[in-house]
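Peer 1: Mind having a look at this structure? Questions to follow.
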Amino acid sequence: MPFETAELFRDKLKTKEAVRAADAAAVPEFIALDTPEDLAGLDWRLGRKVIKSRRGLAAKDLYMVDTLEDARRVVARLDLSGGHYELEDLVTGRIYHCDSVAQDGKIRFTSIGKYLADPASYAPGSIFGTVLVSEGELSKRINELNESVLSALGIRDGTTHLELFHTPEDRLVFCEVAGRPPAASSHR
């Protein structure tokens, strides 16, 4: 995978910028979080926000904040230098994943799963897993979103793990994607 493509699968902010620019999928409102002043870049009247590492794995360095004041307290403890964090609107709904194998620019295999629990609320000792979704209109829509996103990111060959939200309003909203096989993240 060329470096430029790999970077789109590693940096969550660059991923969302590319997905939005290509109109490949709906994405939550988001901004780079490089200074405490950046916190004012999203509309706090719209509800809860997520501060997360742009390159982090699993739910490491992920903070859910309800107010601008809460966000300021979290940011005061973080090193914002070097473009490590982003801020985005929280999307509510069920979380799904779509794992793929791409070869020669074509999706050759996909597997869709619905998380049994919200991954952000996972705690050691709790139940965590997925149920496969292989049929129906929702499966078709998730496959279409997956193909659109992967095309926008320019993958030619490799495995991917894409996550998305299915909102109560029946919208599909892109969350993030990694250029890796499923379950290959580190929980250190």
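Letters for chains follow the order of the structure tokens (A, B, ...), residue numbers begin at 1 for each chain, and ligand numbers begin at 1 in the order shown.
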Using only C-alpha atoms, which residues sit within 12 Å of A:Asp70 once same-chain residues fewer than 2 positions away are excluded, as number ranges by chain?

Peer 2: A: 36, 39, 44, 48-51, 63-68, 72-77

Peer 1: For the residues in that selection, give me C-alpha atoms as a PDB file, in the first residue's frame.

Peer 2:
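Below you can see out18.pdb, which holds the result:
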ATOM      1  CA  PRO A  36      -7.636  24.345  23.511  1.00  0.00           C
ATOM      2  CA  LEU A  39     -12.806  23.272  21.117  1.00  0.00           C
ATOM      3  CA  TRP A  44     -21.850  22.477  21.632  1.00  0.00           C
ATOM      4  CA  ARG A  48     -22.169  15.325  23.401  1.00  0.00           C
ATOM      5  CA  LYS A  49     -18.744  15.258  21.725  1.00  0.00           C
ATOM      6  CA  VAL A  50     -15.915  12.756  21.447  1.00  0.00           C
ATOM      7  CA  ILE A  51     -12.251  13.607  21.855  1.00  0.00           C
ATOM      8  CA  TYR A  63     -13.022  10.782  25.937  1.00  0.00           C
ATOM      9  CA  MET A  64     -16.750  11.479  25.824  1.00  0.00           C
ATOM     10  CA  VAL A  65     -17.613  14.986  26.998  1.00  0.00           C
ATOM     11  CA  ASP A  66     -20.995  16.571  27.571  1.00  0.00           C
ATOM     12  CA  THR A  67     -20.061  20.242  27.730  1.00  0.00           C
ATOM     13  CA  LEU A  68     -17.393  22.650  26.590  1.00  0.00           C
ATOM     14  CA  ARG A  72     -11.580  21.955  28.591  1.00  0.00           C
ATOM     15  CA  ARG A  73     -10.857  19.870  31.699  1.00  0.00           C
ATOM     16  CA  VAL A  74      -9.950  16.826  29.575  1.00  0.00           C
ATOM     17  CA  VAL A  75      -7.819  18.842  27.149  1.00  0.00           C
ATOM     18  CA  ALA A  76      -5.893  20.422  30.049  1.00  0.00           C
ATOM     19  CA  ARG A  77      -4.478  16.922  30.762  1.00  0.00           C
TER      20      ARG A  77
END

Peer 1: Fewer than 2 positions away in the same chain doesn't count, so skip those; otherwise give me all residues within 9 Å of A:Val133, counting only C-alpha atoms, as a VMD selection string.

Peer 2: chain A and resid 111 to 114 131 135 to 136 138 to 139

Peer 1: Could you go through stretch 81-138 of chain A and tell me which residues DSSP, when run on the backbone, assigns to helix (DSSP H, G or I), listing them as a list of chain:residue names?

Peer 2: A:Pro119, A:Ala120, A:Ser121, A:Gly136, A:Glu137, A:Leu138

Peer 1: Find the spatial neighbours of A:Glu163, counting only C-alpha atoms, within a cut-off of 8 Å - ignore same-chain residues fewer than 5 positions away - and output them as JSON, numbers by chain.

Peer 2: {"A": [95, 96, 97, 98, 174, 175, 176, 177]}

Peer 1: Using the chain letters and numbers from this document, which residues of stretch 87-162 of chain A does DSSP assign to strand (DSSP E), as an mmCIF file with all heavy atoms, in the first residue's frame?

Peer 2:
data_model
loop_
_atom_site.group_PDB
_atom_site.id
_atom_site.type_symbol
_atom_site.label_atom_id
_atom_site.label_comp_id
_atom_site.auth_asym_id
_atom_site.auth_seq_id
_atom_site.Cartn_x
_atom_site.Cartn_y
_atom_site.Cartn_z
ATOM 1 N N LEU A 87 -11.747 16.202 17.483
ATOM 2 C CA LEU A 87 -13.000 16.386 18.208
ATOM 3 C C LEU A 87 -14.118 16.156 17.213
ATOM 4 O O LEU A 87 -14.058 16.660 16.085
ATOM 5 C CB LEU A 87 -13.074 17.815 18.769
ATOM 6 C CG LEU A 87 -14.355 18.216 19.478
ATOM 7 C CD1 LEU A 87 -14.481 17.487 20.815
ATOM 8 C CD2 LEU A 87 -14.386 19.732 19.704
ATOM 9 N N GLU A 88 -15.128 15.386 17.616
ATOM 10 C CA GLU A 88 -16.252 15.154 16.709
ATOM 11 C C GLU A 88 -17.544 15.034 17.488
ATOM 12 O O GLU A 88 -17.550 14.745 18.685
ATOM 13 C CB GLU A 88 -16.028 13.918 15.844
ATOM 14 C CG GLU A 88 -15.975 12.613 16.599
ATOM 15 C CD GLU A 88 -15.658 11.431 15.685
ATOM 16 O OE1 GLU A 88 -14.710 11.509 14.900
ATOM 17 O OE2 GLU A 88 -16.379 10.418 15.789
ATOM 18 N N ASP A 89 -18.643 15.269 16.768
ATOM 19 C CA ASP A 89 -19.961 15.083 17.364
ATOM 20 C C ASP A 89 -20.183 13.608 17.653
ATOM 21 O O ASP A 89 -19.810 12.740 16.847
ATOM 22 C CB ASP A 89 -21.060 15.562 16.413
ATOM 23 C CG ASP A 89 -21.176 17.074 16.340
ATOM 24 O OD1 ASP A 89 -20.675 17.760 17.242
ATOM 25 O OD2 ASP A 89 -21.775 17.563 15.364
ATOM 26 N N ARG A 94 -26.714 2.062 16.755
ATOM 27 C CA ARG A 94 -26.014 0.780 16.801
ATOM 28 C C ARG A 94 -24.726 0.882 15.996
ATOM 29 O O ARG A 94 -24.691 1.525 14.948
ATOM 30 C CB ARG A 94 -26.871 -0.344 16.213
ATOM 31 C CG ARG A 94 -28.133 -0.665 16.977
ATOM 32 C CD ARG A 94 -27.892 -1.128 18.404
ATOM 33 N NE ARG A 94 -26.949 -2.214 18.516
ATOM 34 C CZ ARG A 94 -27.176 -3.361 19.122
ATOM 35 N NH1 ARG A 94 -28.343 -3.585 19.685
ATOM 36 N NH2 ARG A 94 -26.248 -4.281 19.192
ATOM 37 N N ILE A 95 -23.693 0.225 16.476
ATOM 38 C CA ILE A 95 -22.412 0.240 15.770
ATOM 39 C C ILE A 95 -22.233 -1.087 15.039
ATOM 40 O O ILE A 95 -22.426 -2.165 15.619
ATOM 41 C CB ILE A 95 -21.248 0.506 16.728
ATOM 42 C CG1 ILE A 95 -21.447 1.854 17.418
ATOM 43 C CG2 ILE A 95 -19.925 0.474 15.979
ATOM 44 C CD1 ILE A 95 -20.382 2.192 18.430
ATOM 45 N N TYR A 96 -21.877 -0.978 13.767
ATOM 46 C CA TYR A 96 -21.617 -2.127 12.909
ATOM 47 C C TYR A 96 -20.186 -2.052 12.404
ATOM 48 O O TYR A 96 -19.567 -0.977 12.413
ATOM 49 C CB TYR A 96 -22.559 -2.111 11.692
ATOM 50 C CG TYR A 96 -23.982 -2.436 12.017
ATOM 51 C CD1 TYR A 96 -24.816 -1.491 12.605
ATOM 52 C CD2 TYR A 96 -24.510 -3.696 11.739
ATOM 53 C CE1 TYR A 96 -26.137 -1.786 12.909
ATOM 54 C CE2 TYR A 96 -25.826 -4.004 12.038
ATOM 55 C CZ TYR A 96 -26.633 -3.043 12.624
ATOM 56 O OH TYR A 96 -27.938 -3.341 12.925
ATOM 57 N N HIS A 97 -19.671 -3.184 11.956
ATOM 58 C CA HIS A 97 -18.387 -3.181 11.275
ATOM 59 C C HIS A 97 -18.529 -3.945 9.974
ATOM 60 O O HIS A 97 -19.407 -4.802 9.822
ATOM 61 C CB HIS A 97 -17.270 -3.772 12.144
ATOM 62 C CG HIS A 97 -17.461 -5.210 12.513
ATOM 63 N ND1 HIS A 97 -17.065 -6.242 11.688
ATOM 64 C CD2 HIS A 97 -17.986 -5.789 13.604
ATOM 65 C CE1 HIS A 97 -17.345 -7.405 12.270
ATOM 66 N NE2 HIS A 97 -17.919 -7.150 13.431
ATOM 67 N N CYS A 98 -17.681 -3.591 9.032
ATOM 68 C CA CYS A 98 -17.644 -4.273 7.746
ATOM 69 C C CYS A 98 -16.176 -4.558 7.445
ATOM 70 O O CYS A 98 -15.380 -3.641 7.253
ATOM 71 C CB CYS A 98 -18.269 -3.411 6.656
ATOM 72 S SG CYS A 98 -18.411 -4.270 5.071
ATOM 73 N N ASP A 99 -15.817 -5.825 7.458
ATOM 74 C CA ASP A 99 -14.450 -6.253 7.184
ATOM 75 C C ASP A 99 -14.354 -6.671 5.724
ATOM 76 O O ASP A 99 -15.263 -7.325 5.204
ATOM 77 C CB ASP A 99 -14.065 -7.404 8.109
ATOM 78 C CG ASP A 99 -14.165 -7.004 9.577
ATOM 79 O OD1 ASP A 99 -13.745 -5.886 9.900
ATOM 80 O OD2 ASP A 99 -14.669 -7.799 10.377
ATOM 81 N N SER A 100 -13.269 -6.273 5.072
ATOM 82 C CA SER A 100 -13.152 -6.502 3.637
ATOM 83 C C SER A 100 -11.757 -6.969 3.251
ATOM 84 O O SER A 100 -10.778 -6.681 3.939
ATOM 85 C CB SER A 100 -13.428 -5.211 2.862
ATOM 86 O OG SER A 100 -14.713 -4.739 3.113
ATOM 87 N N VAL A 101 -11.722 -7.612 2.105
ATOM 88 C CA VAL A 101 -10.469 -7.926 1.429
ATOM 89 C C VAL A 101 -10.560 -7.287 0.056
ATOM 90 O O VAL A 101 -11.508 -7.531 -0.691
ATOM 91 C CB VAL A 101 -10.243 -9.449 1.300
ATOM 92 C CG1 VAL A 101 -8.982 -9.737 0.506
ATOM 93 C CG2 VAL A 101 -10.183 -10.104 2.679
ATOM 94 N N ALA A 102 -9.576 -6.442 -0.258
ATOM 95 C CA ALA A 102 -9.517 -5.787 -1.566
ATOM 96 C C ALA A 102 -8.334 -6.348 -2.345
ATOM 97 O O ALA A 102 -7.259 -6.593 -1.785
ATOM 98 C CB ALA A 102 -9.363 -4.281 -1.406
ATOM 99 N N GLN A 103 -8.559 -6.543 -3.637
ATOM 100 C CA GLN A 103 -7.500 -7.011 -4.522
ATOM 101 C C GLN A 103 -7.684 -6.315 -5.862
ATOM 102 O O GLN A 103 -8.791 -6.307 -6.425
ATOM 103 C CB GLN A 103 -7.577 -8.526 -4.690
ATOM 104 C CG GLN A 103 -6.471 -9.113 -5.541
ATOM 105 C CD GLN A 103 -6.631 -10.621 -5.696
ATOM 106 O OE1 GLN A 103 -7.746 -11.121 -5.823
ATOM 107 N NE2 GLN A 103 -5.517 -11.307 -5.669
ATOM 108 N N LYS A 106 -10.637 -3.940 -6.252
ATOM 109 C CA LYS A 106 -12.009 -4.459 -6.142
ATOM 110 C C LYS A 106 -12.192 -5.151 -4.793
ATOM 111 O O LYS A 106 -11.296 -5.830 -4.305
ATOM 112 C CB LYS A 106 -12.300 -5.454 -7.257
ATOM 113 C CG LYS A 106 -12.306 -4.850 -8.634
ATOM 114 C CD LYS A 106 -12.736 -5.900 -9.636
ATOM 115 C CE LYS A 106 -12.615 -5.542 -11.035
ATOM 116 N NZ LYS A 106 -12.859 -4.500 -11.728
ATOM 117 N N ILE A 107 -13.384 -4.989 -4.223
ATOM 118 C CA ILE A 107 -13.709 -5.677 -2.985
ATOM 119 C C ILE A 107 -14.038 -7.121 -3.339
ATOM 120 O O ILE A 107 -14.990 -7.392 -4.064
ATOM 121 C CB ILE A 107 -14.910 -5.020 -2.266
ATOM 122 C CG1 ILE A 107 -14.685 -3.520 -2.075
ATOM 123 C CG2 ILE A 107 -15.203 -5.723 -0.946
ATOM 124 C CD1 ILE A 107 -13.500 -3.155 -1.236
ATOM 125 N N ARG A 108 -13.249 -8.044 -2.815
ATOM 126 C CA ARG A 108 -13.421 -9.470 -3.131
ATOM 127 C C ARG A 108 -14.207 -10.218 -2.050
ATOM 128 O O ARG A 108 -14.756 -11.278 -2.313
ATOM 129 C CB ARG A 108 -12.060 -10.148 -3.317
ATOM 130 C CG ARG A 108 -11.176 -9.511 -4.351
ATOM 131 C CD ARG A 108 -11.700 -9.732 -5.724
ATOM 132 N NE ARG A 108 -10.751 -9.179 -6.711
ATOM 133 C CZ ARG A 108 -10.945 -9.204 -7.985
ATOM 134 N NH1 ARG A 108 -12.041 -9.732 -8.481
ATOM 135 N NH2 ARG A 108 -10.053 -8.677 -8.796
ATOM 136 N N PHE A 109 -14.243 -9.659 -0.842
ATOM 137 C CA PHE A 109 -14.921 -10.323 0.279
ATOM 138 C C PHE A 109 -15.329 -9.271 1.293
ATOM 139 O O PHE A 109 -14.583 -8.329 1.555
ATOM 140 C CB PHE A 109 -13.975 -11.333 0.946
ATOM 141 C CG PHE A 109 -14.514 -11.883 2.240
ATOM 142 C CD1 PHE A 109 -15.419 -12.933 2.240
ATOM 143 C CD2 PHE A 109 -14.131 -11.335 3.459
ATOM 144 C CE1 PHE A 109 -15.931 -13.431 3.437
ATOM 145 C CE2 PHE A 109 -14.643 -11.829 4.656
ATOM 146 C CZ PHE A 109 -15.534 -12.875 4.639
ATOM 147 N N THR A 110 -16.520 -9.428 1.867
ATOM 148 C CA THR A 110 -16.938 -8.602 3.002
ATOM 149 C C THR A 110 -17.648 -9.463 4.030
ATOM 150 O O THR A 110 -18.244 -10.495 3.700
ATOM 151 C CB THR A 110 -17.902 -7.452 2.601
ATOM 152 O OG1 THR A 110 -19.071 -8.010 2.041
ATOM 153 C CG2 THR A 110 -17.256 -6.474 1.668
ATOM 154 N N SER A 111 -17.553 -9.022 5.249
ATOM 155 C CA SER A 111 -18.264 -9.640 6.362
ATOM 156 C C SER A 111 -18.770 -8.508 7.245
ATOM 157 O O SER A 111 -17.980 -7.683 7.711
ATOM 158 C CB SER A 111 -17.321 -10.547 7.156
ATOM 159 O OG SER A 111 -17.960 -11.043 8.307
ATOM 160 N N ILE A 112 -20.077 -8.478 7.459
ATOM 161 C CA ILE A 112 -20.695 -7.412 8.251
ATOM 162 C C ILE A 112 -21.098 -7.979 9.611
ATOM 163 O O ILE A 112 -21.665 -9.067 9.691
ATOM 164 C CB ILE A 112 -21.931 -6.842 7.538
ATOM 165 C CG1 ILE A 112 -21.522 -6.232 6.204
ATOM 166 C CG2 ILE A 112 -22.646 -5.816 8.412
ATOM 167 C CD1 ILE A 112 -22.687 -5.853 5.321
ATOM 168 N N GLY A 113 -20.825 -7.210 10.652
ATOM 169 C CA GLY A 113 -21.215 -7.619 11.993
ATOM 170 C C GLY A 113 -21.799 -6.471 12.782
ATOM 171 O O GLY A 113 -21.444 -5.305 12.567
ATOM 172 N N LYS A 114 -22.725 -6.791 13.664
ATOM 173 C CA LYS A 114 -23.311 -5.805 14.580
ATOM 174 C C LYS A 114 -22.692 -6.057 15.952
ATOM 175 O O LYS A 114 -22.719 -7.178 16.458
ATOM 176 C CB LYS A 114 -24.832 -5.979 14.635
ATOM 177 C CG LYS A 114 -25.508 -5.063 15.635
ATOM 178 C CD LYS A 114 -27.022 -5.116 15.543
ATOM 179 C CE LYS A 114 -27.575 -6.444 15.974
ATOM 180 N NZ LYS A 114 -29.041 -6.458 16.075
ATOM 181 N N TYR A 115 -22.108 -5.011 16.536
ATOM 182 C CA TYR A 115 -21.533 -5.152 17.876
ATOM 183 C C TYR A 115 -22.644 -5.415 18.892
ATOM 184 O O TYR A 115 -23.703 -4.793 18.833
ATOM 185 C CB TYR A 115 -20.769 -3.892 18.274
ATOM 186 C CG TYR A 115 -19.430 -3.742 17.590
ATOM 187 C CD1 TYR A 115 -19.240 -2.799 16.593
ATOM 188 C CD2 TYR A 115 -18.357 -4.542 17.947
ATOM 189 C CE1 TYR A 115 -18.012 -2.658 15.963
ATOM 190 C CE2 TYR A 115 -17.130 -4.411 17.330
ATOM 191 C CZ TYR A 115 -16.961 -3.467 16.342
ATOM 192 O OH TYR A 115 -15.746 -3.339 15.725
ATOM 193 N N THR A 130 -19.670 -9.726 18.315
ATOM 194 C CA THR A 130 -20.504 -9.288 17.214
ATOM 195 C C THR A 130 -21.379 -10.436 16.733
ATOM 196 O O THR A 130 -21.084 -11.602 16.963
ATOM 197 C CB THR A 130 -19.667 -8.791 16.016
ATOM 198 O OG1 THR A 130 -18.857 -9.860 15.545
ATOM 199 C CG2 THR A 130 -18.795 -7.627 16.387
ATOM 200 N N VAL A 131 -22.450 -10.052 16.070
ATOM 201 C CA VAL A 131 -23.348 -10.993 15.410
ATOM 202 C C VAL A 131 -23.277 -10.675 13.927
ATOM 203 O O VAL A 131 -23.412 -9.508 13.528
ATOM 204 C CB VAL A 131 -24.805 -10.833 15.919
ATOM 205 C CG1 VAL A 131 -25.744 -11.728 15.138
ATOM 206 C CG2 VAL A 131 -24.882 -11.113 17.409
ATOM 207 N N LEU A 132 -23.045 -11.682 13.099
ATOM 208 C CA LEU A 132 -22.943 -11.451 11.662
ATOM 209 C C LEU A 132 -24.290 -11.062 11.068
ATOM 210 O O LEU A 132 -25.328 -11.580 11.466
ATOM 211 C CB LEU A 132 -22.394 -12.682 10.958
ATOM 212 C CG LEU A 132 -20.943 -13.034 11.287
ATOM 213 C CD1 LEU A 132 -20.517 -14.264 10.506
ATOM 214 C CD2 LEU A 132 -20.008 -11.873 11.008
ATOM 215 N N GLY A 158 -5.469 -5.202 0.082
ATOM 216 C CA GLY A 158 -5.330 -5.251 1.529
ATOM 217 C C GLY A 158 -6.623 -5.631 2.221
ATOM 218 O O GLY A 158 -7.650 -5.885 1.595
ATOM 219 N N THR A 159 -6.538 -5.673 3.538
ATOM 220 C CA THR A 159 -7.704 -5.961 4.370
ATOM 221 C C THR A 159 -8.100 -4.685 5.101
ATOM 222 O O THR A 159 -7.255 -3.841 5.397
ATOM 223 C CB THR A 159 -7.400 -7.072 5.395
ATOM 224 O OG1 THR A 159 -6.276 -6.674 6.189
ATOM 225 C CG2 THR A 159 -7.096 -8.384 4.715
ATOM 226 N N THR A 160 -9.399 -4.547 5.366
ATOM 227 C CA THR A 160 -9.886 -3.361 6.056
ATOM 228 C C THR A 160 -10.910 -3.731 7.117
ATOM 229 O O THR A 160 -11.568 -4.771 7.037
ATOM 230 C CB THR A 160 -10.536 -2.360 5.074
ATOM 231 O OG1 THR A 160 -11.673 -2.970 4.472
ATOM 232 C CG2 THR A 160 -9.545 -1.895 4.018
ATOM 233 N N HIS A 161 -11.017 -2.867 8.088
ATOM 234 C CA HIS A 161 -12.009 -2.993 9.162
ATOM 235 C C HIS A 161 -12.679 -1.630 9.299
ATOM 236 O O HIS A 161 -12.091 -0.697 9.841
ATOM 237 C CB HIS A 161 -11.318 -3.407 10.465
ATOM 238 C CG HIS A 161 -12.243 -3.487 11.629
ATOM 239 N ND1 HIS A 161 -13.110 -4.540 11.830
ATOM 240 C CD2 HIS A 161 -12.439 -2.639 12.666
ATOM 241 C CE1 HIS A 161 -13.797 -4.340 12.943
ATOM 242 N NE2 HIS A 161 -13.414 -3.193 13.468
ATOM 243 N N LEU A 162 -13.895 -1.495 8.770
ATOM 244 C CA LEU A 162 -14.642 -0.242 8.770
ATOM 245 C C LEU A 162 -15.715 -0.302 9.847
ATOM 246 O O LEU A 162 -16.361 -1.340 10.018
ATOM 247 C CB LEU A 162 -15.275 -0.035 7.393
ATOM 248 C CG LEU A 162 -16.094 1.228 7.185
ATOM 249 C CD1 LEU A 162 -15.850 1.758 5.772
ATOM 250 C CD2 LEU A 162 -17.576 0.986 7.387
#

Peer 1: When distances are computed from only C-alpha atoms, which of A:Val19, A:Met1, A:Leu80, A:Leu145 shows the smallest separation from A:Glu37?

Peer 2: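 Smallest distance to A:Glu37 is found for A:Leu80.
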
Peer 1: Residues at most 6 Å from A:Ser53, counting only C-alpha atoms, excluding those fewer than 5 positions away in the same chain, as a ChimeraX atom specification?

Peer 2: /A:61,84-85

Peer 1: Give me a file of those residues, with all heavy atoms, as a compact mmCIF listing (two decimals), in the first residue's frame.

Peer 2:
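That gives us out37.txt:
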# COMPACT_ATOMS: atom_id res chain seq x y z
N ASP A 61 -7.34 6.47 24.59
CA ASP A 61 -7.32 7.92 24.39
C ASP A 61 -8.61 8.43 23.76
O ASP A 61 -8.59 9.27 22.86
CB ASP A 61 -6.11 8.35 23.56
CG ASP A 61 -4.79 8.05 24.24
OD1 ASP A 61 -4.74 8.18 25.49
OD2 ASP A 61 -3.83 7.67 23.55
N HIS A 84 -2.26 15.12 17.44
CA HIS A 84 -2.62 13.79 17.96
C HIS A 84 -4.11 13.57 18.17
O HIS A 84 -4.55 12.43 18.28
CB HIS A 84 -1.90 13.52 19.29
CG HIS A 84 -0.43 13.39 19.16
ND1 HIS A 84 0.17 12.34 18.50
CD2 HIS A 84 0.57 14.19 19.58
CE1 HIS A 84 1.47 12.49 18.53
NE2 HIS A 84 1.75 13.60 19.18
N TYR A 85 -4.91 14.64 18.24
CA TYR A 85 -6.31 14.48 18.62
C TYR A 85 -7.27 15.13 17.63
O TYR A 85 -6.91 16.02 16.88
CB TYR A 85 -6.56 15.07 20.02
CG TYR A 85 -5.92 14.24 21.10
CD1 TYR A 85 -4.64 14.52 21.56
CD2 TYR A 85 -6.59 13.16 21.66
CE1 TYR A 85 -4.04 13.75 22.54
CE2 TYR A 85 -6.01 12.38 22.64
CZ TYR A 85 -4.72 12.68 23.07
OH TYR A 85 -4.14 11.90 24.03

Peer 1: Calculate how many Å separate atom CA of A:Glu144 from atom CA of A:Ala24, rounding to one decimal.

Peer 2: 9.6 Å

Peer 1: Please indicate the distance in Å from atom CA of A:Asn146 to atom CA of A:Lys60, rounded to one decimal place.

Peer 2: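 Result for atom CA of A:Asn146 versus atom CA of A:Lys60: 24.2 Å, one decimal.
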
Peer 1: A:Arg45, A:His166, A:Arg55, A:Lys140: which is nearest A:Gly83, counting only C-alpha atoms?

Peer 2: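 Ranking A:Arg45, A:His166, A:Arg55, A:Lys140 by distance to A:Gly83, first place goes to A:Arg55.
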